[in-house]
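Peer 1: If you scroll down you'll find the structure; I have some questions about it.
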Amino acid sequence: MMDWTDNHYRTLARLISKHAWLYTEMVVAETIVHQRNNLERFLAFSPEQHPIVLQIGGSNLENLAKAAELANAYSFDEINLNCGCPSGKVAGHGCFGARLMLDPKFVADAMSAIAANCGVPVSVKCRIGVDDRDSYDELCDFVYTVVSNSPTRHFIIHARKALLSGLSPAENRKVPPLKYEYYFALLRDFPEVQFTINGGIIGIDQVNAARRQGAHGVMVGRAAYNNPWSTLGHVDSAVYGVPSSSLSRRQILENYQIYGDSVLGKYGPGKPGIRQLVKPLLNLFHSEPGNGSWKRKADAAMCHCKTIESFLEETLDAIPDSVLDSTLDRSPSDWEGSFADIDGVLPPPYKSSLQQSVSADDPVKLSACLCVPS
C-alpha cells in the first residue's frame with residue numbers, strides 16, 4: 001500500500017509476527033532507476049523483515065528490467081509487479097497499475113524482463129477484471145497469457161474488478177462486488193499455478209476459512225494496518241504452526257522505540273520525522289480501553305516531541321497497564337464465512353482457444369501467507 005507499508009510499518013509488523021510475508025509499498029521502477037545513488041532510502045530493510053516481497057510498478061520494459069537488477073542487491077525474497085492499483089496517479093500515468101491487465105502480452109514481457117534480471121521468484125498482483133473486461137474467461141485469458149509467456153507462477157488476486165473512471169481508489173476497494181468464486185475457480189483451472197487471495201479479508205478467522213477451502217495464500221492489507229495486534233498476532237500459530245510472539249505491546253513499543261530513534265533524520269532533517277515513525281503505531285490499541293485518549297495525546301505530542309522515547313513517555317499513560325502488558329489471549333475460531341458454499345457458485349471451467357497445457361518450472365509450494373499489499 002503506497003505511503004503505508006513502509007519500512008517503519010514493516011518493522012512493527014515483524015515484531016508482532018515472525019513469519020508473515022511482508023510486502024513493500026509499491027516503488028515505481030523509474031524511481032529505482034533514477035535514484036540508483038540513493039537506493040538505501042527506498043529499498044533497504046533489516047534482515048529480520050524476511051520473508052519480504054518488493055512490489056514495483058511501471059510500464060517501461062527497460063526500466064523494469066533495470067529496477068529488478070538494482071533491487072537484486074538487496075536480497076528480496078520475491079519481486080511483484082503491480083497490475084491492480086486503480087489510482088488515477090498510477091493507472092492514468094504511463095499506463096500501469098490495473099490498466100496493464102488490458103495488455104496481458106505486455107505483462108508477460110514485463111515479467112520475463114524482471115525475472116531475467118533478478119535471482120528470485122516473480123509474481124503479479126492483479127484484479128479479477130477491468131471496467132467491462134470482467135468475465136471469468138477474460139481473467140483466465142490474462143492468467144494463461146502471462147503464465148505461458150513468462151516464468152510467472154504466482155498471482156495475488158484481488159477479488160474485485162477495477163473501475164478506471166468514476167470511482168476513487170477508496171471506492172474501488174468497496175464498490176465493485178467481491179467475487180471470491182473467480183479466485184477459487186482459478187485454483188481448479190490452473191492447478192500448476194499458485195494463487196493468493198486478497199480483498200475483504202479482515203481477520204485470522206477468515207484467513208483460516210480461505211485456507212480450509214484450498215487457498216494457497218492469503219493477503220491481508222488494510223486490516224493488518226488498521227488492527228495490527230489482532231490481525232497479525234495469531235498468524236505464526238494459526239497459519240505456520242509455531243508459537244506466537246510472547247511480547248506484550250509494551251515490549252513491542254520498547255523494541256520499536258530503539259529502531260525509531262536510531263533512524264530519525266537518517267536521510268536529512270525530518271527524513272524520517274517523528275510523525276512518519278509514529279504513524280504505524282496509532283492503531284496498535286484498536287478497540288482497547290484508552291485508545292481514544294491515546295490518539296488525542298499522540299496527535300499533540302507529535303507536534304513537539306523530538307524522539308520516539310519522549311513521545312511514548314508522554315502518551316502511554318493513556319493506556320491501562322492491563323492492556324500494555326497483556327499478551328494475545330483469543331484463539332481463532334472455525335468461522336466459515338464467505339467461503340463455506342463457494343463450490344456451488346463457481347463459474348464453468350475455463351475453455352478458450354488460448355488454453356493449452358501449462359507446466360510449471362518448479363513444483364508449487366502450497367503455503368499460506370498473510371501479507372501487506374499495495
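In the C-alpha cells, each chain is lettered A, B, ... as it comes, each chain's residues begin at 1, and ligands are numbered from 1 in order of appearance.
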Please provide the set of residues having any atom within 9 Å of Ala238 of chain A, restricted to only C-alpha atoms, with same-chain residues fewer than 2 positions apart removed, written as a list in words.
Peer 2: Ile204, Asn208, His234, Val235, Asp236, Tyr240, Gly241, Val242, Pro243, Ser244, Ser331 and Pro332 of chain A
Peer 1: Selected residues, N, CA and C atoms, written as a PDB file, in the first residue's frame, please.
Peer 2:
ATOM      1  N   ILE A 204      -7.952 -13.223  11.156  1.00  0.00           N
ATOM      2  CA  ILE A 204      -7.368 -14.551  11.076  1.00  0.00           C
ATOM      3  C   ILE A 204      -8.428 -15.635  10.887  1.00  0.00           C
ATOM      4  N   ASN A 208      -8.098 -18.395   7.894  1.00  0.00           N
ATOM      5  CA  ASN A 208      -8.163 -19.848   8.063  1.00  0.00           C
ATOM      6  C   ASN A 208      -9.307 -20.461   7.262  1.00  0.00           C
ATOM      7  N   HIS A 234      -1.950 -13.625  15.570  1.00  0.00           N
ATOM      8  CA  HIS A 234      -2.205 -15.062  15.556  1.00  0.00           C
ATOM      9  C   HIS A 234      -1.602 -15.779  14.351  1.00  0.00           C
ATOM     10  N   VAL A 235      -0.962 -15.039  13.456  1.00  0.00           N
ATOM     11  CA  VAL A 235      -0.514 -15.638  12.205  1.00  0.00           C
ATOM     12  C   VAL A 235       0.475 -16.776  12.430  1.00  0.00           C
ATOM     13  N   ASP A 236       1.455 -16.555  13.283  1.00  0.00           N
ATOM     14  CA  ASP A 236       2.509 -17.555  13.445  1.00  0.00           C
ATOM     15  C   ASP A 236       1.946 -18.893  13.929  1.00  0.00           C
ATOM     16  N   TYR A 240       1.248 -20.839  10.506  1.00  0.00           N
ATOM     17  CA  TYR A 240       2.538 -21.514  10.347  1.00  0.00           C
ATOM     18  C   TYR A 240       2.807 -22.585  11.393  1.00  0.00           C
ATOM     19  N   GLY A 241       1.922 -22.710  12.386  1.00  0.00           N
ATOM     20  CA  GLY A 241       2.048 -23.794  13.350  1.00  0.00           C
ATOM     21  C   GLY A 241       3.215 -23.665  14.298  1.00  0.00           C
ATOM     22  N   VAL A 242       3.650 -22.433  14.543  1.00  0.00           N
ATOM     23  CA  VAL A 242       4.735 -22.196  15.503  1.00  0.00           C
ATOM     24  C   VAL A 242       4.218 -21.230  16.565  1.00  0.00           C
ATOM     25  N   PRO A 243       4.841 -21.185  17.722  1.00  0.00           N
ATOM     26  CA  PRO A 243       4.331 -20.311  18.788  1.00  0.00           C
ATOM     27  C   PRO A 243       4.315 -18.851  18.364  1.00  0.00           C
ATOM     28  N   SER A 244       3.261 -18.158  18.765  1.00  0.00           N
ATOM     29  CA  SER A 244       3.190 -16.717  18.518  1.00  0.00           C
ATOM     30  C   SER A 244       4.181 -15.993  19.414  1.00  0.00           C
ATOM     31  N   SER A 331      -8.102 -17.518  20.864  1.00  0.00           N
ATOM     32  CA  SER A 331      -7.772 -18.475  19.819  1.00  0.00           C
ATOM     33  C   SER A 331      -8.688 -18.269  18.622  1.00  0.00           C
ATOM     34  N   PRO A 332      -8.178 -18.416  17.403  1.00  0.00           N
ATOM     35  CA  PRO A 332      -9.030 -18.297  16.218  1.00  0.00           C
ATOM     36  C   PRO A 332     -10.151 -19.328  16.247  1.00  0.00           C
TER      37      PRO A 332
END
Peer 1: Assign secondary structure with DSSP using the backbone only, and return the residues of segment 155-354 of chain A in helix (DSSP H, G or I) as JSON, numbers by chain.
Peer 2: {"A": [169, 170, 171, 172, 180, 181, 182, 183, 184, 185, 186, 187, 188, 189, 204, 205, 206, 207, 208, 209, 210, 211, 212, 222, 223, 224, 225, 226, 228, 229, 230, 231, 232, 233, 235, 236, 237, 238, 249, 250, 251, 252, 253, 254, 255, 256, 257, 258, 259, 260, 261, 262, 263, 274, 275, 276, 277, 278, 279, 280, 281, 282, 283, 291, 292, 293, 294, 295, 296, 297, 298, 299, 300, 301, 308, 309, 310, 311, 312, 313, 314, 315, 316, 317, 318, 321, 322, 323, 324, 337, 338, 339, 342, 343, 344, 345]}
Peer 1: Do you know which residues are at most 12 Å from Met219 of chain A counting only C-alpha atoms, after dropping those on the same chain fewer than 3 positions away, and could you put them as a PyMOL selection string?
Peer 2: chain A and resi 1+20-23+125+155-159+195-204+206-208+210-211+215-216+222-224+231-232+235+368-374
Peer 1: What is the distance between atom CA of Asp325 of chain A and atom CA of Ser293 of chain A, in Å to one decimal?
Peer 2: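 Computing the Euclidean distance for atom CA of Asp325 of chain A and atom CA of Ser293 of chain A yields 18.0 Å.
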Peer 1: Nearest to Val124 of chain A: which of A:Pro86, A:Pro104, A:Gly290, A:Pro177 is it, counting only C-alpha atoms?
Peer 2: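 Among the listed residues, the smallest separation from Val124 of chain A belongs to A:Pro104.
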Peer 1: Name all residues at most 12 Å from Ala71 of chain A (count only C-alpha atoms; drop same-chain ones fewer than 4 positions away) and give them as a compact mmCIF listing (two decimals) with all heavy atoms, in the first residue's frame.
Peer 2:
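Ended up saving to out-v6.txt:
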# COMPACT_ATOMS: atom_id res chain seq x y z
N VAL A 27 6.97 0.59 -5.33
CA VAL A 27 8.04 1.51 -5.72
C VAL A 27 8.06 1.56 -7.24
O VAL A 27 8.15 0.51 -7.91
CB VAL A 27 9.41 1.05 -5.19
CG1 VAL A 27 10.48 2.08 -5.53
CG2 VAL A 27 9.36 0.79 -3.68
N VAL A 28 7.93 2.73 -7.80
CA VAL A 28 7.91 2.89 -9.25
C VAL A 28 9.30 2.57 -9.81
O VAL A 28 10.32 2.99 -9.26
CB VAL A 28 7.47 4.31 -9.64
CG1 VAL A 28 7.51 4.50 -11.16
CG2 VAL A 28 6.07 4.60 -9.10
N ALA A 29 9.33 1.81 -10.89
CA ALA A 29 10.61 1.39 -11.48
C ALA A 29 11.50 2.59 -11.79
O ALA A 29 12.72 2.55 -11.57
CB ALA A 29 10.36 0.57 -12.75
N THR A 31 11.67 5.36 -10.25
CA THR A 31 12.28 5.86 -9.01
C THR A 31 13.55 5.09 -8.69
O THR A 31 14.58 5.67 -8.34
CB THR A 31 11.28 5.74 -7.84
OG1 THR A 31 10.13 6.54 -8.11
CG2 THR A 31 11.91 6.20 -6.54
N ILE A 32 13.49 3.77 -8.81
CA ILE A 32 14.67 2.95 -8.54
C ILE A 32 15.80 3.28 -9.50
O ILE A 32 16.96 3.43 -9.11
CB ILE A 32 14.30 1.46 -8.61
CG1 ILE A 32 13.26 1.11 -7.53
CG2 ILE A 32 15.54 0.58 -8.47
CD1 ILE A 32 12.73 -0.31 -7.63
N VAL A 33 15.46 3.43 -10.77
CA VAL A 33 16.48 3.69 -11.79
C VAL A 33 17.11 5.06 -11.58
O VAL A 33 18.34 5.21 -11.62
CB VAL A 33 15.87 3.56 -13.20
CG1 VAL A 33 16.88 4.02 -14.26
CG2 VAL A 33 15.44 2.12 -13.47
N GLN A 35 17.09 6.95 -8.90
CA GLN A 35 17.64 7.15 -7.56
C GLN A 35 18.69 6.09 -7.23
O GLN A 35 18.89 5.75 -6.07
CB GLN A 35 16.51 7.12 -6.52
CG GLN A 35 15.50 8.24 -6.64
CD GLN A 35 16.04 9.56 -6.12
OE1 GLN A 35 16.96 9.61 -5.33
NE2 GLN A 35 15.44 10.66 -6.58
N ARG A 36 19.36 5.60 -8.23
CA ARG A 36 20.29 4.49 -8.01
C ARG A 36 21.40 4.84 -7.03
O ARG A 36 22.00 3.93 -6.42
CB ARG A 36 20.89 4.04 -9.35
CG ARG A 36 21.81 5.05 -10.03
CD ARG A 36 22.30 4.52 -11.36
NE ARG A 36 21.21 4.41 -12.32
CZ ARG A 36 21.27 3.71 -13.43
NH1 ARG A 36 22.35 3.01 -13.72
NH2 ARG A 36 20.25 3.68 -14.27
N LEU A 39 19.52 4.48 -3.16
CA LEU A 39 18.59 3.35 -3.05
C LEU A 39 18.34 2.89 -1.62
O LEU A 39 17.31 2.28 -1.34
CB LEU A 39 19.09 2.18 -3.90
CG LEU A 39 18.93 2.36 -5.41
CD1 LEU A 39 19.45 1.13 -6.15
CD2 LEU A 39 17.49 2.63 -5.79
N GLU A 40 19.27 3.18 -0.72
CA GLU A 40 19.05 2.77 0.67
C GLU A 40 17.73 3.33 1.19
O GLU A 40 17.01 2.65 1.92
CB GLU A 40 20.20 3.27 1.55
CG GLU A 40 21.52 2.56 1.32
CD GLU A 40 21.48 1.13 1.82
OE1 GLU A 40 21.22 0.93 3.02
OE2 GLU A 40 21.70 0.21 1.01
N PHE A 42 15.01 3.85 -0.38
CA PHE A 42 13.82 3.24 -0.98
C PHE A 42 13.76 1.72 -0.82
O PHE A 42 12.67 1.14 -0.77
CB PHE A 42 13.75 3.58 -2.47
CG PHE A 42 13.64 5.05 -2.74
CD1 PHE A 42 14.77 5.82 -3.00
CD2 PHE A 42 12.41 5.68 -2.70
CE1 PHE A 42 14.66 7.18 -3.23
CE2 PHE A 42 12.30 7.04 -2.93
CZ PHE A 42 13.43 7.80 -3.19
N LEU A 43 14.91 1.07 -0.72
CA LEU A 43 14.94 -0.40 -0.78
C LEU A 43 15.52 -1.08 0.46
O LEU A 43 15.31 -2.28 0.63
CB LEU A 43 15.73 -0.86 -2.00
CG LEU A 43 15.18 -0.44 -3.37
CD1 LEU A 43 16.05 -1.02 -4.48
CD2 LEU A 43 13.73 -0.86 -3.56
N ALA A 44 16.24 -0.36 1.30
CA ALA A 44 16.90 -1.02 2.42
C ALA A 44 15.88 -1.51 3.45
O ALA A 44 14.85 -0.88 3.68
CB ALA A 44 17.89 -0.06 3.08
N PHE A 45 16.19 -2.63 4.06
CA PHE A 45 15.36 -3.17 5.13
C PHE A 45 16.25 -4.04 6.01
O PHE A 45 17.33 -4.49 5.59
CB PHE A 45 14.18 -3.99 4.58
CG PHE A 45 14.59 -5.18 3.75
CD1 PHE A 45 14.76 -6.44 4.33
CD2 PHE A 45 14.83 -5.05 2.39
CE1 PHE A 45 15.15 -7.53 3.57
CE2 PHE A 45 15.21 -6.14 1.61
CZ PHE A 45 15.37 -7.37 2.21
N VAL A 53 8.70 -9.16 0.13
CA VAL A 53 8.49 -9.04 -1.32
C VAL A 53 8.58 -7.56 -1.70
O VAL A 53 7.95 -6.71 -1.07
CB VAL A 53 7.12 -9.60 -1.74
CG1 VAL A 53 6.91 -9.46 -3.25
CG2 VAL A 53 6.98 -11.06 -1.30
N LEU A 54 9.35 -7.28 -2.74
CA LEU A 54 9.39 -5.93 -3.31
C LEU A 54 8.32 -5.82 -4.38
O LEU A 54 8.30 -6.61 -5.33
CB LEU A 54 10.76 -5.65 -3.94
CG LEU A 54 10.85 -4.37 -4.80
CD1 LEU A 54 10.65 -3.12 -3.95
CD2 LEU A 54 12.18 -4.32 -5.56
N GLN A 55 7.42 -4.85 -4.23
CA GLN A 55 6.44 -4.61 -5.28
C GLN A 55 6.87 -3.39 -6.09
O GLN A 55 7.17 -2.33 -5.52
CB GLN A 55 5.04 -4.37 -4.73
CG GLN A 55 4.03 -4.22 -5.86
CD GLN A 55 2.62 -3.98 -5.38
OE1 GLN A 55 2.25 -2.85 -5.12
NE2 GLN A 55 1.84 -5.04 -5.26
N ILE A 56 6.93 -3.56 -7.41
CA ILE A 56 7.30 -2.46 -8.28
C ILE A 56 6.15 -2.16 -9.24
O ILE A 56 5.28 -3.01 -9.49
CB ILE A 56 8.60 -2.74 -9.06
CG1 ILE A 56 8.47 -3.98 -9.95
CG2 ILE A 56 9.77 -2.88 -8.12
CD1 ILE A 56 9.71 -4.24 -10.80
N ASN A 63 13.17 -0.05 -18.01
CA ASN A 63 13.24 0.41 -16.63
C ASN A 63 12.85 -0.68 -15.64
O ASN A 63 13.43 -0.78 -14.55
CB ASN A 63 12.37 1.64 -16.43
CG ASN A 63 12.99 2.89 -17.03
OD1 ASN A 63 14.20 2.96 -17.22
ND2 ASN A 63 12.16 3.88 -17.34
N LEU A 64 11.87 -1.50 -15.99
CA LEU A 64 11.50 -2.62 -15.12
C LEU A 64 12.67 -3.59 -14.98
O LEU A 64 12.96 -4.08 -13.88
CB LEU A 64 10.27 -3.34 -15.67
CG LEU A 64 8.94 -2.59 -15.53
CD1 LEU A 64 7.86 -3.26 -16.37
CD2 LEU A 64 8.50 -2.52 -14.06
N ALA A 65 13.34 -3.87 -16.08
CA ALA A 65 14.49 -4.78 -16.05
C ALA A 65 15.62 -4.19 -15.21
O ALA A 65 16.22 -4.88 -14.37
CB ALA A 65 14.97 -5.06 -17.47
N LYS A 66 15.90 -2.90 -15.40
CA LYS A 66 16.97 -2.26 -14.65
C LYS A 66 16.63 -2.16 -13.18
O LYS A 66 17.49 -2.36 -12.30
CB LYS A 66 17.24 -0.87 -15.23
CG LYS A 66 18.50 -0.20 -14.65
CD LYS A 66 19.74 -1.01 -14.98
CE LYS A 66 21.00 -0.33 -14.42
NZ LYS A 66 22.21 -1.16 -14.68
N ALA A 67 15.38 -1.87 -12.86
CA ALA A 67 14.95 -1.80 -11.46
C ALA A 67 15.14 -3.14 -10.78
O ALA A 67 15.60 -3.22 -9.63
CB ALA A 67 13.50 -1.34 -11.38
N SER A 75 18.45 -8.44 -1.90
CA SER A 75 18.06 -9.80 -1.48
C SER A 75 16.61 -9.91 -1.02
O SER A 75 16.32 -10.51 0.02
CB SER A 75 19.00 -10.31 -0.38
OG SER A 75 20.34 -10.35 -0.83
N PHE A 76 15.70 -9.31 -1.79
CA PHE A 76 14.28 -9.57 -1.54
C PHE A 76 13.98 -11.03 -1.84
O PHE A 76 14.69 -11.69 -2.60
CB PHE A 76 13.41 -8.66 -2.41
CG PHE A 76 13.43 -7.22 -1.98
CD1 PHE A 76 14.32 -6.31 -2.55
CD2 PHE A 76 12.56 -6.76 -0.99
CE1 PHE A 76 14.34 -4.98 -2.15
CE2 PHE A 76 12.57 -5.43 -0.58
CZ PHE A 76 13.47 -4.54 -1.16
N ASP A 77 12.91 -11.54 -1.27
CA ASP A 77 12.55 -12.95 -1.47
C ASP A 77 11.69 -13.16 -2.71
O ASP A 77 11.52 -14.29 -3.16
CB ASP A 77 11.83 -13.48 -0.23
CG ASP A 77 12.74 -13.48 0.99
OD1 ASP A 77 13.66 -14.31 1.05
OD2 ASP A 77 12.55 -12.61 1.87
N GLU A 78 11.13 -12.09 -3.24
CA GLU A 78 10.29 -12.16 -4.43
C GLU A 78 10.13 -10.74 -4.97
O GLU A 78 10.24 -9.78 -4.20
CB GLU A 78 8.92 -12.76 -4.09
CG GLU A 78 7.97 -12.98 -5.24
CD GLU A 78 6.69 -13.71 -4.80
OE1 GLU A 78 6.78 -14.87 -4.34
OE2 GLU A 78 5.62 -13.10 -4.90
N ILE A 79 9.93 -10.61 -6.26
CA ILE A 79 9.59 -9.31 -6.83
C ILE A 79 8.22 -9.41 -7.49
O ILE A 79 7.96 -10.34 -8.25
CB ILE A 79 10.65 -8.84 -7.85
CG1 ILE A 79 11.99 -8.60 -7.14
CG2 ILE A 79 10.19 -7.56 -8.55
CD1 ILE A 79 13.09 -8.10 -8.05
N ASN A 80 7.36 -8.46 -7.17
CA ASN A 80 5.97 -8.48 -7.60
C ASN A 80 5.69 -7.27 -8.47
O ASN A 80 6.12 -6.16 -8.17
CB ASN A 80 5.05 -8.47 -6.36
CG ASN A 80 3.59 -8.37 -6.70
OD1 ASN A 80 3.02 -7.28 -6.76
ND2 ASN A 80 2.97 -9.49 -6.93
N ILE A 114 11.76 -8.78 -15.83
CA ILE A 114 12.07 -8.72 -14.40
C ILE A 114 12.78 -10.00 -13.97
O ILE A 114 13.82 -9.95 -13.30
CB ILE A 114 10.77 -8.51 -13.59
CG1 ILE A 114 10.19 -7.12 -13.87
CG2 ILE A 114 11.04 -8.67 -12.09
CD1 ILE A 114 8.78 -6.93 -13.35
N ALA A 115 12.24 -11.14 -14.36
CA ALA A 115 12.82 -12.42 -13.95
C ALA A 115 14.24 -12.59 -14.47
O ALA A 115 15.10 -13.18 -13.80
CB ALA A 115 11.94 -13.56 -14.42
N ASN A 117 16.44 -10.49 -14.74
CA ASN A 117 17.39 -9.58 -14.09
C ASN A 117 17.38 -9.69 -12.56
O ASN A 117 17.91 -8.81 -11.87
CB ASN A 117 17.09 -8.14 -14.51
CG ASN A 117 17.52 -7.86 -15.92
OD1 ASN A 117 18.68 -7.55 -16.18
ND2 ASN A 117 16.59 -8.00 -16.87
N CYS A 118 16.77 -10.73 -12.06
CA CYS A 118 16.82 -10.96 -10.62
C CYS A 118 16.96 -12.46 -10.36
O CYS A 118 16.70 -13.27 -11.24
CB CYS A 118 15.58 -10.40 -9.91
SG CYS A 118 14.05 -11.31 -10.22
N GLY A 119 17.34 -12.81 -9.17
CA GLY A 119 17.56 -14.21 -8.85
C GLY A 119 16.51 -14.80 -7.94
O GLY A 119 16.78 -15.79 -7.24
N VAL A 120 15.30 -14.21 -7.93
CA VAL A 120 14.24 -14.68 -7.04
C VAL A 120 12.96 -14.88 -7.83
O VAL A 120 12.84 -14.40 -8.96
CB VAL A 120 14.00 -13.68 -5.89
CG1 VAL A 120 15.24 -13.56 -5.01
CG2 VAL A 120 13.60 -12.31 -6.44
Peer 1: Need to verify the contact set: Leu100 of chain A, 12 Å, only C-alpha atoms, exclusion of same-chain residues closer than 3 positions in sequence. Can you return it as a PyMOL selection string?
Peer 2: chain A and resi 57-60+81-86+90-97+103-111+124-127+129-130+142+146+162+164
Peer 1: State, in Å with one decimal place, the distance from atom CA of Arg14 of chain A to atom CA of His50 of chain A.
Peer 2: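 Distance reported for this atom pair: 8.8 Å.
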Peer 1: Find the residues around segment 267-282 of chain A up to 10 Å (only C-alpha atoms counted), leave out those fewer than 3 positions away in its own chain, and share them as number ranges by chain.
Peer 2: A: 3-13, 38, 40-41, 225-228, 253, 256-257, 259-261, 263-264, 285-286, 291, 294-295, 298-299, 301-308, 311-312
Peer 1: Have a look at A:Val239, A:Glu171, A:Ser246, A:Gln251 and name the one nearest to Ala209 of chain A; count only C-alpha atoms.
Peer 2: A:Val239
Peer 1: When DSSP works through the backbone of this structure, what residues of segment 38-162 of chain A end up as strand (DSSP E), shown as a PyMOL selection string?
Peer 2: chain A and resi 52-57+78-83+122-127+154-158
Peer 1: Ranking A:Gly233, A:Pro47, A:Pro121, A:Pro347 by minimum distance to Thr152 of chain A and counting only C-alpha atoms, which one comes first?
Peer 2: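 Once distances to Thr152 of chain A are computed over only C-alpha atoms, the minimum belongs to A:Pro121.
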